[in-house]
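Enquirer: Dropping in work.cif, which is mmCIF, C-alpha atoms:
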data_input
#
loop_
_atom_site.group_PDB
_atom_site.id
_atom_site.type_symbol
_atom_site.label_atom_id
_atom_site.label_comp_id
_atom_site.auth_asym_id
_atom_site.auth_seq_id
_atom_site.Cartn_x
_atom_site.Cartn_y
_atom_site.Cartn_z
ATOM 1 C CA MET A 805 -52.123 -38.334 -16.310
ATOM 2 C CA ALA A 806 -54.198 -35.388 -15.070
ATOM 3 C CA LYS A 807 -52.773 -35.862 -11.562
ATOM 4 C CA THR A 808 -49.219 -35.883 -12.873
ATOM 5 C CA LEU A 809 -49.899 -32.682 -14.858
ATOM 6 C CA MET A 810 -51.331 -30.959 -11.767
ATOM 7 C CA ILE A 811 -48.259 -31.848 -9.635
ATOM 8 C CA THR A 812 -45.978 -30.517 -12.382
ATOM 9 C CA VAL A 813 -47.910 -27.215 -12.538
ATOM 10 C CA ILE A 814 -47.837 -26.796 -8.726
ATOM 11 C CA PHE A 815 -44.089 -27.514 -8.550
ATOM 12 C CA SER A 816 -43.413 -25.035 -11.350
ATOM 13 C CA ALA A 817 -45.485 -22.385 -9.568
ATOM 14 C CA PHE A 818 -43.514 -23.059 -6.358
ATOM 15 C CA LEU A 819 -40.217 -22.469 -8.164
ATOM 16 C CA LEU A 820 -41.493 -19.206 -9.677
ATOM 17 C CA THR A 821 -42.492 -17.849 -6.250
ATOM 18 C CA GLN A 822 -39.050 -18.440 -4.678
ATOM 19 C CA PRO A 823 -36.748 -15.373 -4.348
ATOM 20 C CA THR A 824 -33.848 -15.315 -6.771
ATOM 21 C CA ALA A 825 -31.421 -14.933 -3.900
ATOM 22 C CA GLY A 826 -28.532 -16.486 -5.760
ATOM 23 C CA ILE A 827 -28.751 -13.913 -8.538
ATOM 24 C CA ALA A 828 -29.598 -10.866 -6.398
ATOM 25 C CA GLN A 829 -26.846 -11.496 -3.856
ATOM 26 C CA THR A 830 -24.021 -12.108 -6.313
ATOM 27 C CA PRO A 831 -21.411 -9.480 -5.386
ATOM 28 C CA ALA A 832 -20.200 -7.175 -8.106
ATOM 29 C CA ILE A 833 -16.688 -7.924 -9.268
ATOM 30 C CA PRO A 834 -14.500 -4.926 -8.445
ATOM 31 C CA ALA A 835 -12.737 -3.288 -11.338
ATOM 32 C CA VAL A 836 -9.119 -4.371 -11.598
ATOM 33 C CA PRO A 837 -6.735 -1.413 -11.938
ATOM 34 C CA LYS A 838 -4.962 -1.313 -15.267
ATOM 35 C CA ALA A 839 -1.527 0.053 -16.010
ATOM 36 C CA PRO A 840 -1.949 3.307 -17.966
ATOM 37 C CA THR A 841 -0.577 3.641 -21.466
ATOM 38 C CA LEU A 842 2.471 5.866 -21.257
ATOM 39 C CA ARG A 843 3.059 8.224 -24.159
ATOM 40 C CA ILE A 844 6.183 9.999 -25.266
ATOM 41 C CA GLY A 845 6.608 13.646 -24.337
ATOM 42 C CA PRO A 846 9.230 16.412 -24.661
ATOM 43 C CA GLY A 847 12.327 15.705 -22.598
ATOM 44 C CA ASP A 848 11.885 11.922 -22.607
ATOM 45 C CA LEU A 849 14.932 9.834 -23.433
ATOM 46 C CA LEU A 850 14.398 7.067 -25.996
ATOM 47 C CA GLU A 851 16.574 4.061 -26.730
ATOM 48 C CA VAL A 852 16.074 3.011 -30.352
ATOM 49 C CA ALA A 853 17.485 -0.225 -31.746
ATOM 50 C CA MET A 854 17.326 -0.845 -35.511
ATOM 51 C CA PHE A 855 17.670 -4.541 -36.326
ATOM 52 C CA ASP A 856 21.007 -5.264 -38.048
ATOM 53 C CA ASN A 857 21.696 -1.529 -38.285
ATOM 54 C CA PRO A 858 23.662 -0.463 -35.203
ATOM 55 C CA GLU A 859 24.760 2.733 -36.953
ATOM 56 C CA LEU A 860 21.124 3.867 -36.957
ATOM 57 C CA SER A 861 20.550 2.911 -33.329
ATOM 58 C CA GLY A 862 21.168 4.992 -30.237
ATOM 59 C CA ARG A 863 19.756 7.107 -27.419
ATOM 60 C CA PHE A 864 17.735 10.139 -28.426
ATOM 61 C CA ARG A 865 16.242 12.957 -26.355
ATOM 62 C CA VAL A 866 12.848 14.262 -27.469
ATOM 63 C CA ASN A 867 13.092 18.019 -28.063
ATOM 64 C CA GLU A 868 10.569 20.734 -27.154
ATOM 65 C CA ASN A 869 8.812 20.183 -30.495
ATOM 66 C CA GLY A 870 8.236 16.509 -29.700
ATOM 67 C CA GLU A 871 10.831 15.344 -32.246
ATOM 68 C CA ILE A 872 13.961 13.221 -32.309
ATOM 69 C CA THR A 873 16.582 13.416 -35.044
ATOM 70 C CA PHE A 874 17.659 10.117 -36.593
ATOM 71 C CA PRO A 875 20.800 9.389 -38.620
ATOM 72 C CA LEU A 876 20.142 9.796 -42.393
ATOM 73 C CA LEU A 877 16.478 10.470 -41.668
ATOM 74 C CA GLY A 878 16.285 13.776 -39.827
ATOM 75 C CA PRO A 879 13.526 14.914 -37.447
ATOM 76 C CA VAL A 880 10.729 12.474 -36.639
ATOM 77 C CA HIS A 881 7.751 13.578 -34.562
ATOM 78 C CA VAL A 882 7.031 11.077 -31.778
ATOM 79 C CA GLU A 883 5.273 13.147 -29.111
ATOM 80 C CA GLY A 884 2.009 11.521 -28.037
ATOM 81 C CA ASP A 885 2.984 8.086 -29.392
ATOM 82 C CA THR A 886 3.493 4.954 -27.336
ATOM 83 C CA ALA A 887 6.852 3.217 -27.684
ATOM 84 C CA GLU A 888 5.289 0.648 -30.029
ATOM 85 C CA GLU A 889 3.642 3.312 -32.192
ATOM 86 C CA ALA A 890 6.895 5.246 -32.432
ATOM 87 C CA ALA A 891 8.777 2.099 -33.502
ATOM 88 C CA THR A 892 6.240 1.388 -36.246
ATOM 89 C CA PHE A 893 6.424 4.976 -37.497
ATOM 90 C CA ILE A 894 10.238 4.969 -37.541
ATOM 91 C CA GLU A 895 10.272 1.753 -39.560
ATOM 92 C CA LYS A 896 7.840 3.294 -42.040
ATOM 93 C CA ARG A 897 9.904 6.480 -42.424
ATOM 94 C CA TYR A 898 13.134 4.552 -43.134
ATOM 95 C CA VAL A 899 11.360 2.475 -45.767
ATOM 96 C CA GLU A 900 9.681 5.494 -47.386
ATOM 97 C CA ALA A 901 13.052 7.263 -47.555
ATOM 98 C CA ASP A 902 14.570 4.215 -49.363
ATOM 99 C CA ILE A 903 17.160 3.906 -46.622
ATOM 100 C CA LEU A 904 16.043 0.465 -45.470
ATOM 101 C CA LYS A 905 14.136 -2.395 -47.036
ATOM 102 C CA PRO A 906 10.941 -3.612 -45.343
ATOM 103 C CA THR A 907 12.703 -6.877 -44.508
ATOM 104 C CA ASN A 908 15.402 -5.236 -42.402
ATOM 105 C CA SER A 909 13.640 -2.154 -41.037
ATOM 106 C CA HIS A 910 12.522 -3.587 -37.708
ATOM 107 C CA ALA A 911 12.791 -1.035 -34.873
ATOM 108 C CA THR A 912 12.490 -1.347 -31.108
ATOM 109 C CA VAL A 913 11.834 1.715 -28.948
ATOM 110 C CA TYR A 914 12.252 1.841 -25.182
ATOM 111 C CA ILE A 915 11.501 4.939 -23.098
ATOM 112 C CA SER A 916 14.351 4.929 -20.573
ATOM 113 C CA GLU A 917 13.537 8.281 -18.939
ATOM 114 C CA TYR A 918 10.176 9.983 -18.543
ATOM 115 C CA ALA A 919 10.332 13.756 -18.168
ATOM 116 C CA THR A 920 6.602 14.425 -18.330
ATOM 117 C CA GLN A 921 4.935 11.172 -17.294
ATOM 118 C CA GLY A 922 6.022 10.998 -13.668
ATOM 119 C CA ILE A 923 3.953 11.493 -10.513
ATOM 120 C CA THR A 924 4.699 14.605 -8.463
ATOM 121 C CA ILE A 925 4.311 14.490 -4.692
ATOM 122 C CA ASN A 926 4.777 17.631 -2.599
ATOM 123 C CA GLY A 927 4.225 18.748 0.955
ATOM 124 C CA GLU A 928 4.653 16.884 4.229
ATOM 125 C CA VAL A 929 6.505 13.771 3.019
ATOM 126 C CA LYS A 930 10.102 12.810 3.730
ATOM 127 C CA THR A 931 11.298 13.092 0.129
ATOM 128 C CA PRO A 932 9.051 15.187 -2.097
ATOM 129 C CA GLY A 933 9.728 15.108 -5.833
ATOM 130 C CA LEU A 934 8.947 13.384 -9.110
ATOM 131 C CA TYR A 935 8.474 9.608 -9.088
ATOM 132 C CA PRO A 936 8.150 7.059 -11.918
ATOM 133 C CA ALA A 937 4.666 6.159 -13.117
ATOM 134 C CA LEU A 938 5.520 2.781 -14.629
ATOM 135 C CA GLY A 939 2.925 0.090 -14.067
ATOM 136 C CA ILE A 940 -0.021 0.354 -11.687
ATOM 137 C CA ARG A 941 0.640 2.963 -8.985
ATOM 138 C CA MET A 942 -1.712 3.317 -6.030
ATOM 139 C CA ILE A 943 -1.705 6.244 -3.602
ATOM 140 C CA ASN A 944 -0.007 4.250 -0.827
ATOM 141 C CA ASP A 945 2.741 3.032 -3.181
ATOM 142 C CA VAL A 946 3.618 6.572 -4.236
ATOM 143 C CA ILE A 947 3.655 7.946 -0.682
ATOM 144 C CA THR A 948 5.805 5.017 0.446
ATOM 145 C CA SER A 949 8.224 5.780 -2.407
ATOM 146 C CA ALA A 950 8.469 9.321 -1.034
ATOM 147 C CA GLY A 951 9.460 7.984 2.387
ATOM 148 C CA GLY A 952 6.013 8.228 3.956
ATOM 149 C CA VAL A 953 4.201 11.168 5.490
ATOM 150 C CA LEU A 954 5.766 13.316 8.215
ATOM 151 C CA PRO A 955 4.189 13.581 11.684
ATOM 152 C CA THR A 956 3.142 17.114 10.701
ATOM 153 C CA ALA A 957 1.069 15.864 7.744
ATOM 154 C CA SER A 958 -2.656 16.362 7.507
ATOM 155 C CA SER A 959 -4.796 13.271 6.995
ATOM 156 C CA LYS A 960 -6.501 14.949 4.025
ATOM 157 C CA LEU A 961 -4.519 14.637 0.797
ATOM 158 C CA ILE A 962 -5.213 16.559 -2.391
ATOM 159 C CA ILE A 963 -4.875 14.719 -5.708
ATOM 160 C CA THR A 964 -4.888 16.611 -8.981
ATOM 161 C CA HIS A 965 -5.348 14.251 -11.907
ATOM 162 C CA VAL A 966 -3.753 15.338 -15.164
ATOM 163 C CA SER A 967 -7.042 14.489 -16.886
ATOM 164 C CA ALA A 968 -8.937 17.005 -14.692
ATOM 165 C CA PRO A 969 -6.502 19.744 -13.614
ATOM 166 C CA ASP A 970 -9.297 22.077 -12.485
ATOM 167 C CA SER A 971 -11.018 19.497 -10.275
ATOM 168 C CA PRO A 972 -8.661 18.408 -7.471
ATOM 169 C CA VAL A 973 -9.895 15.579 -5.262
ATOM 170 C CA THR A 974 -9.502 15.457 -1.469
ATOM 171 C CA ILE A 975 -9.182 12.028 0.163
ATOM 172 C CA GLU A 976 -8.584 10.687 3.659
ATOM 173 C CA TYR A 977 -5.191 9.046 4.214
ATOM 174 C CA ASN A 978 -4.160 8.197 7.770
ATOM 175 C CA PRO A 979 -2.196 4.928 8.021
ATOM 176 C CA GLU A 980 -1.242 5.619 11.649
ATOM 177 C CA ALA A 981 -4.772 6.025 13.004
ATOM 178 C CA LEU A 982 -6.215 3.464 15.429
ATOM 179 C CA SER A 983 -8.306 2.308 12.467
ATOM 180 C CA PRO A 984 -5.906 2.918 9.558
ATOM 181 C CA VAL A 985 -7.325 4.723 6.540
ATOM 182 C CA VAL A 986 -5.461 3.701 3.364
ATOM 183 C CA PRO A 987 -7.743 4.094 0.339
ATOM 184 C CA ARG A 988 -7.098 2.240 -2.885
ATOM 185 C CA VAL A 989 -6.845 5.151 -5.279
ATOM 186 C CA GLN A 990 -4.936 4.729 -8.528
ATOM 187 C CA ILE A 991 -2.500 7.484 -9.471
ATOM 188 C CA PHE A 992 -1.770 8.123 -13.146
ATOM 189 C CA PRO A 993 1.164 9.604 -15.075
ATOM 190 C CA GLY A 994 1.217 13.382 -14.731
ATOM 191 C CA ASP A 995 -0.856 13.398 -11.530
ATOM 192 C CA THR A 996 0.132 15.535 -8.535
ATOM 193 C CA ILE A 997 -0.290 14.626 -4.861
ATOM 194 C CA MET A 998 -0.206 17.390 -2.256
ATOM 195 C CA VAL A 999 0.187 16.455 1.410
ATOM 196 C CA PRO A 1000 -0.786 19.590 3.381
ATOM 197 C CA ARG A 1001 0.626 20.464 6.770
ATOM 198 C CA ALA A 1002 -1.694 19.798 9.678
ATOM 199 C CA GLY A 1003 -2.113 22.442 12.331
ATOM 200 C CA ILE A 1004 -0.004 21.881 15.445
ATOM 201 C CA VAL A 1005 -0.498 22.956 19.051
ATOM 202 C CA TYR A 1006 2.314 22.679 21.577
ATOM 203 C CA ILE A 1007 1.820 21.473 25.163
ATOM 204 C CA LEU A 1008 4.995 22.304 27.060
ATOM 205 C CA GLY A 1009 6.318 22.647 30.559
ATOM 206 C CA ASN A 1010 5.399 20.445 33.498
ATOM 207 C CA VAL A 1011 3.344 17.719 31.789
ATOM 208 C CA GLN A 1012 3.910 13.978 31.424
ATOM 209 C CA ARG A 1013 4.363 14.037 27.641
ATOM 210 C CA PRO A 1014 5.340 17.487 26.326
ATOM 211 C CA GLY A 1015 5.400 18.018 22.586
ATOM 212 C CA GLY A 1016 3.454 19.086 19.536
ATOM 213 C CA PHE A 1017 0.051 17.568 18.773
ATOM 214 C CA THR A 1018 -1.379 17.712 15.271
ATOM 215 C CA LEU A 1019 -4.715 19.155 14.330
ATOM 216 C CA ASP A 1020 -6.761 18.132 11.316
ATOM 217 C CA GLY A 1021 -9.668 19.985 9.794
ATOM 218 C CA ARG A 1022 -12.012 17.280 11.097
ATOM 219 C CA HIS A 1023 -10.721 17.436 14.674
ATOM 220 C CA SER A 1024 -10.846 20.331 17.160
ATOM 221 C CA LEU A 1025 -8.592 20.115 20.179
ATOM 222 C CA THR A 1026 -9.642 21.800 23.419
ATOM 223 C CA ILE A 1027 -7.414 22.586 26.384
ATOM 224 C CA GLU A 1028 -8.848 19.683 28.387
ATOM 225 C CA GLU A 1029 -8.329 17.269 25.467
ATOM 226 C CA SER A 1030 -4.795 18.531 24.918
ATOM 227 C CA MET A 1031 -3.934 17.989 28.583
ATOM 228 C CA ALA A 1032 -5.216 14.422 28.296
ATOM 229 C CA LEU A 1033 -3.001 13.845 25.247
ATOM 230 C CA ALA A 1034 -0.033 15.250 27.185
ATOM 231 C CA GLY A 1035 -0.729 12.851 30.062
ATOM 232 C CA GLY A 1036 -1.838 15.563 32.506
ATOM 233 C CA GLY A 1037 0.228 17.840 34.686
ATOM 234 C CA GLY A 1038 3.380 16.643 36.385
ATOM 235 C CA HIS A 1039 4.324 16.840 40.057
ATOM 236 C CA GLY A 1040 4.093 20.404 41.316
ATOM 237 C CA ALA A 1041 2.442 21.743 38.126
ATOM 238 C CA ALA A 1042 0.864 25.150 38.626
ATOM 239 C CA MET A 1043 -2.488 24.312 37.042
ATOM 240 C CA ASN A 1044 -4.099 27.584 38.146
ATOM 241 C CA ARG A 1045 -1.680 29.813 36.198
ATOM 242 C CA VAL A 1046 -1.180 28.153 32.835
ATOM 243 C CA HIS A 1047 -0.065 30.367 29.971
ATOM 244 C CA LEU A 1048 -1.591 30.186 26.502
ATOM 245 C CA MET A 1049 0.679 31.911 23.994
ATOM 246 C CA ARG A 1050 -1.214 32.766 20.799
ATOM 247 C CA ASN A 1051 -0.119 34.494 17.591
ATOM 248 C CA VAL A 1052 -2.055 37.669 16.882
ATOM 249 C CA GLU A 1053 -1.754 40.459 14.317
ATOM 250 C CA ASN A 1054 1.618 41.888 13.246
ATOM 251 C CA ASN A 1055 3.500 38.767 14.420
ATOM 252 C CA ARG A 1056 2.802 39.579 18.058
ATOM 253 C CA LYS A 1057 2.119 36.985 20.741
ATOM 254 C CA GLU A 1058 -0.674 37.276 23.246
ATOM 255 C CA ASP A 1059 -0.183 35.725 26.691
ATOM 256 C CA ILE A 1060 -3.505 34.464 28.069
ATOM 257 C CA LEU A 1061 -3.521 33.309 31.698
ATOM 258 C CA ILE A 1062 -5.746 30.246 32.246
ATOM 259 C CA SER A 1063 -6.786 28.165 35.242
ATOM 260 C CA ILE A 1064 -7.026 24.576 34.035
ATOM 261 C CA ASN A 1065 -8.300 23.503 37.447
ATOM 262 C CA GLN A 1066 -11.292 25.775 36.917
ATOM 263 C CA ILE A 1067 -11.884 24.142 33.505
ATOM 264 C CA TYR A 1068 -11.746 20.692 35.115
ATOM 265 C CA LYS A 1069 -14.360 21.772 37.667
ATOM 266 C CA GLY A 1070 -16.652 23.185 34.979
ATOM 267 C CA LYS A 1071 -16.291 26.732 36.357
ATOM 268 C CA ALA A 1072 -14.467 28.094 33.302
ATOM 269 C CA PRO A 1073 -15.065 27.471 29.579
ATOM 270 C CA ASP A 1074 -12.890 24.918 27.814
ATOM 271 C CA MET A 1075 -11.166 26.817 24.991
ATOM 272 C CA ALA A 1076 -10.460 25.412 21.529
ATOM 273 C CA LEU A 1077 -6.787 25.622 20.585
ATOM 274 C CA LYS A 1078 -5.604 27.019 17.248
ATOM 275 C CA ASP A 1079 -2.728 26.156 14.965
ATOM 276 C CA GLY A 1080 0.496 27.498 16.495
ATOM 277 C CA ASP A 1081 -0.872 27.860 20.034
ATOM 278 C CA ILE A 1082 1.544 27.088 22.875
ATOM 279 C CA LEU A 1083 0.094 25.912 26.176
ATOM 280 C CA TYR A 1084 2.757 26.222 28.872
ATOM 281 C CA ILE A 1085 2.255 24.608 32.294
ATOM 282 C CA PRO A 1086 4.733 26.046 34.791
ATOM 283 C CA THR A 1087 6.004 24.473 37.986
ATOM 284 C CA SER A 1088 4.882 26.111 41.217
ATOM 285 C CA ASN A 1089 8.390 26.905 42.478
ATOM 286 C CA VAL A 1090 9.773 28.169 39.155
ATOM 287 C CA LYS A 1091 9.751 31.928 38.739
ATOM 288 C CA LEU A 1092 11.291 32.272 35.269
ATOM 289 C CA ALA A 1093 9.701 34.761 32.949
ATOM 290 C CA THR A 1094 7.064 33.039 30.809
ATOM 291 C CA GLN A 1095 8.705 33.832 27.454
ATOM 292 C CA GLN A 1096 12.122 32.669 28.709
ATOM 293 C CA ALA A 1097 10.635 29.435 30.021
ATOM 294 C CA ILE A 1098 8.786 28.739 26.761
ATOM 295 C CA THR A 1099 11.875 29.472 24.678
ATOM 296 C CA SER A 1100 13.847 27.052 26.831
ATOM 297 C CA ALA A 1101 11.134 24.374 26.531
ATOM 298 C CA LEU A 1102 10.969 24.763 22.769
ATOM 299 C CA GLY A 1103 14.701 24.137 22.525
ATOM 300 C CA ILE A 1104 14.980 26.646 19.683
ATOM 301 C CA GLY A 1105 12.469 24.542 17.752
ATOM 302 C CA THR A 1106 14.736 21.512 17.353
ATOM 303 C CA GLN A 1107 13.857 19.180 20.228
ATOM 304 C CA ILE A 1108 10.074 19.055 20.072
ATOM 305 C CA THR A 1109 8.441 15.662 19.509
ATOM 306 C CA ILE A 1110 5.398 15.806 17.223
ATOM 307 C CA TYR A 1111 2.536 13.414 17.993
ATOM 308 C CA LYS A 1112 -0.181 12.386 15.553
ATOM 309 C CA THR A 1113 -3.449 12.573 17.450
ATOM 310 C CA ALA A 1114 -5.487 9.354 17.295
ATOM 311 C CA TYR A 1115 -9.053 9.421 15.989
#
Spell out the structure here as structure tokens.

Expert:
Amino acid sequence: MAKTLMITVIFSAFLLTQPTAGIAQTPAIPAVPKAPTLRIGPGDLLEVAMFDNPELSGRFRVNENGEITFPLLGPVHVEGDTAEEAATFIEKRYVEADILKPTNSHATVYISEYATQGITINGEVKTPGLYPALGIRMINDVITSAGGVLPTASSKLIITHVSAPDSPVTIEYNPEALSPVVPRVQIFPGDTIMVPRAGIVYILGNVQRPGGFTLDGRHSLTIEESMALAGGGGHGAAMNRVHLMRNVENNRKEDILISINQIYKGKAPDMALKDGDILYIPTSNVKLATQQAITSALGIGTQITIYKTAY
């Protein structure tokens, strides 16, 4: 008996000294996004159906005071209510006014148009505007609804939640990167998404891949890096007399002559390019004026391909 008791005590002590790995390593269950409760606001269009009373049913636009005017009843304030709350209140008002009996006062309210509960998306997207906020809307869904981001878009988006208008949030969004960045951020009715324009530098002239290359705040682009993105100089490129056209004060352009060969050899500093810079690589046997050549290469601003730089 004593031996059995001792074995039991030892076994119990062994169990107590083992790490509670099963409990400690249980992953937290991520919160499941919930569809927000949409409330009626001025400008919304309501469809109201009164059971067995078609003459009291119809489509009603909420006015600037948050009211709709019902037949025989007059103005009813519905701003801030959900569709279900508005239906209950309408039923109550008809009964209190002795227009309907409780047994036949059932109302159904459907919000067919939201004027104030949409999601606004502006900036570098194909179709900016106001989009519906019905159901669960994530950042990628809304941007896809707007046709996606343009090549000129920055990878840093600014979200202003209606619940915190003075505290905009900046997030990374870059679905075209080598490692796509598509955060799961829920967007709510009344929120605004701003897609800023990324800086662009233009590499034109005698290069393998001329065009515009985007800059983001987290990425600086030097002349050597930009030449790599453009595939390097083409046959006969005059790499010792490259022109950097840069905007300066009073809408003037400064023409800076650069030797890229000297940069490659480490004998000249590698300059960082700025938004709007134009790096023009001429051909050795072309003697056009620099401005004329750049204007021709730009194609009056209509033929330039914009490339998203990969990070």

Enquirer: As a check of understanding, name the residues that the PyMOL selection byres ((chain A and resi 901-906) around 12) selects in the supplied structure, as number ranges by chain.

Expert: A: 854-857, 860, 874-878, 892, 894-900, 907-911

Enquirer: Please return as an MDAnalysis selection string every residue within 9 Å of (3.1, 17.7, 11.9), taking into account all atoms listed in the file and the file's own coordinates.

Expert: chainID A and resid 928 954:958 1001:1004 1016:1019 1110:1112

Enquirer: As an exercise, work out the distance from CA of Ser861 (chain A) to CA of Tyr918 (chain A) in Å and give it to one decimal place.

Expert: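 Atom-to-atom, CA of Ser861 (chain A) to CA of Tyr918 (chain A), that is 19.4 Å.
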
Enquirer: Using all atoms listed in the file, pick whichever of A:Pro993, A:Pro1086, A:Gly845, A:Gly862 has the shortest atom-to-atom distance to Asp885 (chain A).

Expert: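 Of all the options, A:Gly845 lies closest to Asp885 (chain A).
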
Enquirer: Which is closest to Gly847 (chain A) among A:Thr912, A:Thr886, A:Asn1055, A:Thr920, if we use all atoms listed in the file?

Expert: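 The closest residue to Gly847 (chain A) is A:Thr920.
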
Enquirer: CA of Ala1032 (chain A) to CA of Arg1013 (chain A): how many Å, to one decimal?

Expert: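 For CA of Ala1032 (chain A) relative to CA of Arg1013 (chain A), the distance reads 9.6 Å.
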
Enquirer: Report, in Å to a single decimal, how far apart CA of Asp945 (chain A) and CA of Thr924 (chain A) are.

Expert: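 So the answer is 12.9 Å.
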